[in-house]
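Source file: data_39.cif. Holds: mmCIF, C-alpha atoms.
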data_structure
#
loop_
_atom_site.group_PDB
_atom_site.id
_atom_site.type_symbol
_atom_site.label_atom_id
_atom_site.label_comp_id
_atom_site.auth_asym_id
_atom_site.auth_seq_id
_atom_site.Cartn_x
_atom_site.Cartn_y
_atom_site.Cartn_z
ATOM 1 C CA MET A 1 -165.941 -109.209 96.747
ATOM 2 C CA THR A 2 -162.162 -109.302 96.688
ATOM 3 C CA MET A 3 -161.990 -105.679 97.805
ATOM 4 C CA SER A 4 -160.338 -103.371 95.325
ATOM 5 C CA SER A 5 -158.639 -100.104 96.238
ATOM 6 C CA ALA A 6 -161.807 -98.305 95.151
ATOM 7 C CA ASP A 7 -163.878 -100.439 97.530
ATOM 8 C CA LEU A 8 -161.456 -99.704 100.342
ATOM 9 C CA ALA A 9 -161.591 -95.990 99.588
ATOM 10 C CA LEU A 10 -165.350 -96.090 100.142
ATOM 11 C CA LEU A 11 -165.227 -98.301 103.231
ATOM 12 C CA GLN A 12 -162.096 -96.902 104.895
ATOM 13 C CA PRO A 13 -161.320 -93.469 103.388
ATOM 14 C CA SER A 14 -159.008 -92.571 106.287
ATOM 15 C CA LEU A 15 -156.524 -95.251 105.174
ATOM 16 C CA VAL A 16 -156.298 -94.434 101.488
ATOM 17 C CA ASN A 17 -153.506 -91.835 101.481
ATOM 18 C CA ARG A 18 -151.429 -93.266 104.323
ATOM 19 C CA THR A 19 -148.113 -94.912 103.460
ATOM 20 C CA ASP A 20 -147.318 -96.564 106.805
ATOM 21 C CA LYS A 21 -150.183 -99.037 106.951
ATOM 22 C CA ILE A 22 -149.530 -102.563 108.261
ATOM 23 C CA PHE A 23 -151.669 -105.592 107.519
ATOM 24 C CA LEU A 24 -151.214 -108.974 109.150
ATOM 25 C CA ASN A 25 -151.693 -111.889 106.748
ATOM 26 C CA VAL A 26 -152.734 -114.766 109.017
ATOM 27 C CA GLY A 27 -152.325 -118.252 107.583
ATOM 28 C CA CYS A 28 -150.323 -116.550 104.864
ATOM 29 C CA GLY A 29 -149.100 -119.611 102.958
ATOM 30 C CA ASP A 30 -146.166 -119.141 100.599
ATOM 31 C CA LYS A 31 -144.402 -115.849 99.920
ATOM 32 C CA SER A 32 -146.196 -115.138 96.656
ATOM 33 C CA ASN A 33 -148.314 -111.977 96.737
ATOM 34 C CA THR A 34 -150.243 -112.834 93.582
ATOM 35 C CA ARG A 35 -153.253 -114.112 95.517
ATOM 36 C CA LEU A 36 -153.546 -111.082 97.780
ATOM 37 C CA PRO A 37 -156.638 -108.925 97.251
ATOM 38 C CA GLU A 38 -155.910 -105.951 95.029
ATOM 39 C CA CYS A 39 -156.412 -103.525 97.897
ATOM 40 C CA PHE A 40 -153.306 -104.898 99.676
ATOM 41 C CA GLN A 41 -151.025 -104.970 96.644
ATOM 42 C CA GLY A 42 -148.996 -101.810 97.070
ATOM 43 C CA ASN A 43 -151.054 -98.765 97.994
ATOM 44 C CA GLY A 44 -148.868 -98.084 101.020
ATOM 45 C CA TRP A 45 -149.477 -101.427 102.717
ATOM 46 C CA ASN A 46 -146.693 -103.310 104.519
ATOM 47 C CA GLN A 47 -147.347 -107.022 104.970
ATOM 48 C CA VAL A 48 -146.473 -109.094 108.045
ATOM 49 C CA ARG A 49 -146.831 -112.822 107.339
ATOM 50 C CA LEU A 50 -148.042 -115.224 110.045
ATOM 51 C CA ASP A 51 -148.500 -118.975 109.671
ATOM 52 C CA ILE A 52 -148.511 -122.106 111.810
ATOM 53 C CA ASP A 53 -146.252 -123.914 109.318
ATOM 54 C CA PRO A 54 -142.576 -122.908 109.810
ATOM 55 C CA SER A 55 -141.595 -124.398 106.428
ATOM 56 C CA LEU A 56 -143.351 -121.429 104.761
ATOM 57 C CA GLU A 57 -140.873 -119.049 106.429
ATOM 58 C CA PRO A 58 -143.436 -116.601 107.820
ATOM 59 C CA ASP A 59 -142.377 -113.521 109.767
ATOM 60 C CA ILE A 60 -144.214 -114.968 112.766
ATOM 61 C CA VAL A 61 -144.830 -118.663 113.448
ATOM 62 C CA ALA A 62 -148.126 -118.873 115.336
ATOM 63 C CA ASP A 63 -151.579 -120.396 115.435
ATOM 64 C CA ILE A 64 -154.391 -117.923 114.732
ATOM 65 C CA THR A 65 -156.011 -118.923 118.037
ATOM 66 C CA ASP A 66 -153.026 -117.380 119.852
ATOM 67 C CA LEU A 67 -151.760 -114.077 118.466
ATOM 68 C CA SER A 68 -149.962 -113.098 121.669
ATOM 69 C CA ARG A 69 -146.718 -112.611 119.711
ATOM 70 C CA VAL A 70 -148.389 -109.672 117.953
ATOM 71 C CA LYS A 71 -148.897 -106.496 119.965
ATOM 72 C CA ALA A 72 -152.535 -105.716 120.741
ATOM 73 C CA SER A 73 -154.139 -102.873 118.755
ATOM 74 C CA SER A 74 -151.100 -102.693 116.465
ATOM 75 C CA VAL A 75 -152.234 -103.214 112.841
ATOM 76 C CA GLU A 76 -154.627 -101.410 110.515
ATOM 77 C CA ALA A 77 -155.914 -104.569 108.837
ATOM 78 C CA ILE A 78 -155.840 -108.354 109.050
ATOM 79 C CA TYR A 79 -156.344 -110.666 106.081
ATOM 80 C CA SER A 80 -157.307 -114.338 106.380
ATOM 81 C CA SER A 81 -157.612 -116.516 103.287
ATOM 82 C CA HIS A 82 -158.987 -120.012 103.845
ATOM 83 C CA ASN A 83 -157.930 -120.425 107.458
ATOM 84 C CA LEU A 84 -160.978 -120.499 109.705
ATOM 85 C CA GLU A 85 -162.224 -123.768 108.212
ATOM 86 C CA HIS A 86 -159.015 -125.439 109.432
ATOM 87 C CA LEU A 87 -160.058 -124.826 113.047
ATOM 88 C CA ASN A 88 -162.446 -126.859 115.147
ATOM 89 C CA LEU A 89 -165.695 -124.934 115.408
ATOM 90 C CA HIS A 90 -165.231 -124.197 119.113
ATOM 91 C CA GLN A 91 -161.879 -122.523 118.313
ATOM 92 C CA VAL A 92 -163.317 -120.027 115.826
ATOM 93 C CA ASP A 93 -164.586 -117.519 118.377
ATOM 94 C CA THR A 94 -161.192 -117.571 120.122
ATOM 95 C CA ALA A 95 -159.416 -116.867 116.819
ATOM 96 C CA LEU A 96 -161.784 -114.048 115.877
ATOM 97 C CA LYS A 97 -161.390 -112.401 119.281
ATOM 98 C CA GLN A 98 -157.599 -112.653 118.962
ATOM 99 C CA ILE A 99 -157.858 -110.985 115.556
ATOM 100 C CA LEU A 100 -160.140 -108.268 116.953
ATOM 101 C CA SER A 101 -157.703 -107.578 119.781
ATOM 102 C CA THR A 102 -154.759 -107.258 117.381
ATOM 103 C CA LEU A 103 -156.490 -104.662 115.202
ATOM 104 C CA LYS A 104 -156.231 -100.969 115.909
ATOM 105 C CA PRO A 105 -159.609 -99.362 116.709
ATOM 106 C CA GLY A 106 -161.126 -98.492 113.335
ATOM 107 C CA GLY A 107 -159.090 -101.226 111.613
ATOM 108 C CA PHE A 108 -160.711 -103.931 109.518
ATOM 109 C CA PHE A 109 -160.653 -107.694 109.070
ATOM 110 C CA LEU A 110 -161.010 -109.180 105.578
ATOM 111 C CA VAL A 111 -161.662 -112.920 105.488
ATOM 112 C CA THR A 112 -162.377 -115.406 102.722
ATOM 113 C CA LEU A 113 -163.263 -119.082 103.021
ATOM 114 C CA PRO A 114 -165.478 -121.690 101.341
ATOM 115 C CA ASP A 115 -169.227 -121.167 101.110
ATOM 116 C CA ILE A 116 -170.536 -124.469 102.446
ATOM 117 C CA GLN A 117 -174.040 -123.750 101.163
ATOM 118 C CA ALA A 118 -172.769 -123.491 97.591
ATOM 119 C CA VAL A 119 -170.668 -126.648 98.021
ATOM 120 C CA ALA A 120 -173.666 -128.514 99.452
ATOM 121 C CA GLU A 121 -175.580 -127.745 96.270
ATOM 122 C CA TRP A 122 -172.890 -129.569 94.278
ATOM 123 C CA VAL A 123 -173.044 -132.531 96.654
ATOM 124 C CA ALA A 124 -176.849 -132.641 96.498
ATOM 125 C CA LYS A 125 -176.548 -132.989 92.703
ATOM 126 C CA GLY A 126 -174.232 -135.990 93.051
ATOM 127 C CA LYS A 127 -171.105 -134.020 92.076
ATOM 128 C CA LEU A 128 -168.903 -134.707 95.108
ATOM 129 C CA MET A 129 -165.888 -135.660 92.981
ATOM 130 C CA GLU A 130 -166.394 -133.269 90.054
ATOM 131 C CA THR A 131 -164.194 -130.202 89.481
ATOM 132 C CA MET A 132 -165.726 -126.971 90.739
ATOM 133 C CA TYR A 133 -162.887 -124.708 89.583
ATOM 134 C CA GLU A 134 -159.152 -124.658 88.896
ATOM 135 C CA SER A 135 -156.777 -123.276 91.518
ATOM 136 C CA PRO A 136 -152.980 -122.894 91.833
ATOM 137 C CA MET A 137 -153.105 -126.272 93.625
ATOM 138 C CA GLY A 138 -155.003 -127.861 90.727
ATOM 139 C CA PRO A 139 -158.669 -128.855 90.332
ATOM 140 C CA ILE A 140 -160.849 -128.206 93.370
ATOM 141 C CA ARG A 141 -163.725 -130.618 94.018
ATOM 142 C CA PRO A 142 -166.480 -130.447 96.643
ATOM 143 C CA ILE A 143 -164.694 -133.151 98.652
ATOM 144 C CA ASP A 144 -161.612 -130.903 98.818
ATOM 145 C CA VAL A 145 -163.682 -128.001 100.107
ATOM 146 C CA LEU A 146 -165.502 -130.081 102.697
ATOM 147 C CA PHE A 147 -162.545 -131.999 104.127
ATOM 148 C CA GLY A 148 -159.417 -130.206 102.901
ATOM 149 C CA HIS A 149 -157.327 -130.550 99.747
ATOM 150 C CA GLN A 150 -157.008 -134.300 99.394
ATOM 151 C CA GLY A 151 -153.830 -134.180 97.307
ATOM 152 C CA ALA A 152 -152.001 -132.074 99.900
ATOM 153 C CA ILE A 153 -153.236 -134.235 102.770
ATOM 154 C CA GLU A 154 -152.115 -137.377 100.923
ATOM 155 C CA LYS A 155 -148.615 -135.879 100.721
ATOM 156 C CA GLY A 156 -148.554 -135.438 104.501
ATOM 157 C CA ASN A 157 -149.623 -131.814 104.910
ATOM 158 C CA LYS A 158 -151.813 -132.231 107.992
ATOM 159 C CA PHE A 159 -152.445 -128.492 108.157
ATOM 160 C CA MET A 160 -154.694 -128.744 105.064
ATOM 161 C CA ALA A 161 -157.485 -130.695 106.797
ATOM 162 C CA HIS A 162 -160.808 -128.861 107.187
ATOM 163 C CA LYS A 163 -162.617 -129.148 110.521
ATOM 164 C CA CYS A 164 -165.600 -126.789 110.199
ATOM 165 C CA GLY A 165 -167.473 -124.695 107.664
ATOM 166 C CA PHE A 166 -169.636 -121.623 107.185
ATOM 167 C CA ASP A 167 -172.466 -120.258 105.139
ATOM 168 C CA LYS A 168 -173.203 -116.564 104.726
ATOM 169 C CA ASN A 169 -175.374 -116.305 107.836
ATOM 170 C CA SER A 170 -173.125 -118.272 110.181
ATOM 171 C CA LEU A 171 -170.017 -116.289 109.177
ATOM 172 C CA SER A 172 -171.866 -113.017 109.726
ATOM 173 C CA ASP A 173 -173.071 -114.255 113.118
ATOM 174 C CA ALA A 174 -169.574 -115.415 114.142
ATOM 175 C CA LEU A 175 -168.041 -112.026 113.322
ATOM 176 C CA THR A 176 -170.798 -110.171 115.157
ATOM 177 C CA VAL A 177 -170.623 -112.375 118.257
ATOM 178 C CA ALA A 178 -166.838 -111.925 118.376
ATOM 179 C CA GLY A 179 -167.386 -108.174 118.709
ATOM 180 C CA PHE A 180 -166.868 -106.770 115.197
ATOM 181 C CA ASN A 181 -168.897 -103.874 113.777
ATOM 182 C CA GLU A 182 -170.057 -103.081 110.216
ATOM 183 C CA VAL A 183 -170.100 -106.764 109.292
ATOM 184 C CA ARG A 184 -170.639 -107.494 105.588
ATOM 185 C CA VAL A 185 -170.560 -110.966 103.995
ATOM 186 C CA MET A 186 -170.738 -111.710 100.256
ATOM 187 C CA THR A 187 -170.161 -114.670 97.936
ATOM 188 C CA ASP A 188 -168.055 -114.915 94.778
ATOM 189 C CA ALA A 189 -168.097 -116.952 91.567
ATOM 190 C CA HIS A 190 -165.854 -119.689 93.015
ATOM 191 C CA SER A 191 -168.115 -120.673 95.913
ATOM 192 C CA ASN A 192 -166.185 -118.555 98.417
ATOM 193 C CA LEU A 193 -167.465 -116.263 101.130
ATOM 194 C CA TRP A 194 -165.897 -112.843 101.705
ATOM 195 C CA GLY A 195 -166.379 -111.119 105.023
ATOM 196 C CA TYR A 196 -165.474 -107.529 105.949
ATOM 197 C CA ALA A 197 -165.711 -106.370 109.552
ATOM 198 C CA VAL A 198 -164.445 -103.380 111.539
ATOM 199 C CA LYS A 199 -163.122 -102.966 115.072
ATOM 200 C CA ALA A 200 -165.100 -100.182 116.685
ATOM 201 C CA TYR A 201 -163.194 -97.325 118.310
ATOM 202 C CA GLU A 202 -164.916 -97.990 121.609
ATOM 203 C CA SER A 203 -163.476 -101.537 121.595
ATOM 204 C CA LEU A 204 -160.218 -100.093 122.937
ATOM 205 C CA ALA A 205 -161.837 -99.462 126.280
ATOM 206 C CA ASN A 206 -162.982 -103.087 126.532
ATOM 207 C CA GLU A 207 -159.522 -104.680 126.190
#
Hey, can you dump this file as structure tokens for me?
Amino acid sequence: MTMSSADLALLQPSLVNRTDKIFLNVGCGDKSNTRLPECFQGNGWNQVRLDIDPSLEPDIVADITDLSRVKASSVEAIYSSHNLEHLNLHQVDTALKQILSTLKPGGFFLVTLPDIQAVAEWVAKGKLMETMYESPMGPIRPIDVLFGHQGAIEKGNKFMAHKCGFDKNSLSDALTVAGFNEVRVMTDAHSNLWGYAVKAYESLANE
């Protein structure tokens, strides 16, 4: 589940033909758009980049646990790629509620992060240091997924450390508890989870 434009047309038909759509890319990383899901590449979407690391030159420098610099109920979608696992577990609900508040009613949150259950299966087979798959950062091993990319951490990038993890059920529960509707969670071929969740229209009255 990387969400194609066709998927989005089925899930959010009201957004398909609009040309003024804004999505907030939280924990955006570098300026390359090549790793964005296909549904956000063009198709009338305007990206706003947010990251805690100022060296990446985001539009907004902020932690995802505090999105106060972004107007509440102001964006149609929020995308998060491999960010939640960098938080302490007790911070996750805060981050998800900040994300929910920033979405317009009817907007959606698309999140991807490691599937700890799949990684645990590698570890249980004694493959902690073996390559799971190749990434733009190089080979990814179970130890990199569990604790953060070891090469980047060795070079001093403290932001790469992982502090928590999720399986399919716990991610679904976290999104539901935070207040999202229509929660769907799937896995992909690279041991990642993909979650899709919507802000209900009635959520506006609860802010």
Which residues match the PyMOL selection byres ((chain A and resi 88) around 6) in the file above, as a list of chain:residue names?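 What the PyMOL selection byres ((chain A and resi 88) around 6) grabs from the file is A:Leu87, A:Leu89, A:His90, A:Gln91, A:Lys163, A:Cys164.
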How many Å separate CA of Asn46 (chain A) from CA of Ala189 (chain A)? 28.5 Å
Distance in Å - CA of Asn25 (chain A) versus CA of Leu110 (chain A): 9.8 Å
Once the PyMOL selection byres ((chain A and resi 146-151) around 10) has been evaluated on this model, what residues remain selected, and can you format them as a VMD selection string? chain A and resid 85 to 86 114 to 116 119 to 120 123 128 137 to 145 152 to 165
For the selection just defined, write its residues with C-alpha atoms to a file, as an mmCIF file, keeping the file's coordinate frame.
data_model
loop_
_atom_site.group_PDB
_atom_site.id
_atom_site.type_symbol
_atom_site.label_atom_id
_atom_site.label_comp_id
_atom_site.auth_asym_id
_atom_site.auth_seq_id
_atom_site.Cartn_x
_atom_site.Cartn_y
_atom_site.Cartn_z
ATOM 1 C CA GLU A 85 -162.224 -123.768 108.212
ATOM 2 C CA HIS A 86 -159.015 -125.439 109.432
ATOM 3 C CA PRO A 114 -165.478 -121.690 101.341
ATOM 4 C CA ASP A 115 -169.227 -121.167 101.110
ATOM 5 C CA ILE A 116 -170.536 -124.469 102.446
ATOM 6 C CA VAL A 119 -170.668 -126.648 98.021
ATOM 7 C CA ALA A 120 -173.666 -128.514 99.452
ATOM 8 C CA VAL A 123 -173.044 -132.531 96.654
ATOM 9 C CA LEU A 128 -168.903 -134.707 95.108
ATOM 10 C CA MET A 137 -153.105 -126.272 93.625
ATOM 11 C CA GLY A 138 -155.003 -127.861 90.727
ATOM 12 C CA PRO A 139 -158.669 -128.855 90.332
ATOM 13 C CA ILE A 140 -160.849 -128.206 93.370
ATOM 14 C CA ARG A 141 -163.725 -130.618 94.018
ATOM 15 C CA PRO A 142 -166.480 -130.447 96.643
ATOM 16 C CA ILE A 143 -164.694 -133.151 98.652
ATOM 17 C CA ASP A 144 -161.612 -130.903 98.818
ATOM 18 C CA VAL A 145 -163.682 -128.001 100.107
ATOM 19 C CA ALA A 152 -152.001 -132.074 99.900
ATOM 20 C CA ILE A 153 -153.236 -134.235 102.770
ATOM 21 C CA GLU A 154 -152.115 -137.377 100.923
ATOM 22 C CA LYS A 155 -148.615 -135.879 100.721
ATOM 23 C CA GLY A 156 -148.554 -135.438 104.501
ATOM 24 C CA ASN A 157 -149.623 -131.814 104.910
ATOM 25 C CA LYS A 158 -151.813 -132.231 107.992
ATOM 26 C CA PHE A 159 -152.445 -128.492 108.157
ATOM 27 C CA MET A 160 -154.694 -128.744 105.064
ATOM 28 C CA ALA A 161 -157.485 -130.695 106.797
ATOM 29 C CA HIS A 162 -160.808 -128.861 107.187
ATOM 30 C CA LYS A 163 -162.617 -129.148 110.521
ATOM 31 C CA CYS A 164 -165.600 -126.789 110.199
ATOM 32 C CA GLY A 165 -167.473 -124.695 107.664
#
What is the CA of Ser73 (chain A) to CA of Ser4 (chain A) distance in Å? 24.2 Å
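Restricting the calculation to all atoms listed in the file, the smallest distance between Asp66 (chain A) and any of A:Leu96, A:Val183, A:Cys39, A:Leu84 is found for A:Leu96.
Each of A:Thr102, A:Arg18, A:Glu182, A:Gly27 was compared to Pro54 (chain A) using only C-alpha atoms, and A:Gly27 turns out to be the nearest.
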For Ile52 (chain A), which residue among A:Pro105, A:Val26, A:Val111, A:Ser32 is the nearest when counting all atoms listed in the file?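 That would be A:Val26, the residue with the smallest distance to Ile52 (chain A).
Each of A:Glu121, A:Asp93, A:Asn33, A:Lys104 was checked against Ser170 (chain A) using only C-alpha atoms; the smallest atom-to-atom distance is that of A:Asp93.
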Applied to this file, what does the PyMOL selection byres ((chain A and resi 185) around 6) return in terms of residues, put as a PyMOL selection string? chain A and resi 184+186+194-195
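Using only C-alpha atoms for every distance, the candidate list A:Ala174, A:Ala124, A:Gln117, A:Leu50 yields A:Gln117 as the residue closest to Ser191 (chain A).
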Draw an axis-aligned box tight on the listed atoms of region 147-163 of chain A, then pad every side by 6 Å and write out centre and edge lengths in Å to one decimal as AutoDock Vina command-line options.
--center_x -155.6 --center_y -132.9 --center_z 103.9 --size_x 26.1 --size_y 20.9 --size_z 25.2
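Using all atoms listed in the file, the shortest contact distance between Pro13 (chain A) and any of A:Thr187, A:Leu100, A:Thr112, A:Gly106 is found at A:Gly106.
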Please, which residues are within 8 Å of (-153.8, -104.6, 112.0) by the file's coordinates, counting all atoms listed in the file, and could they come as a count of residues only? 14
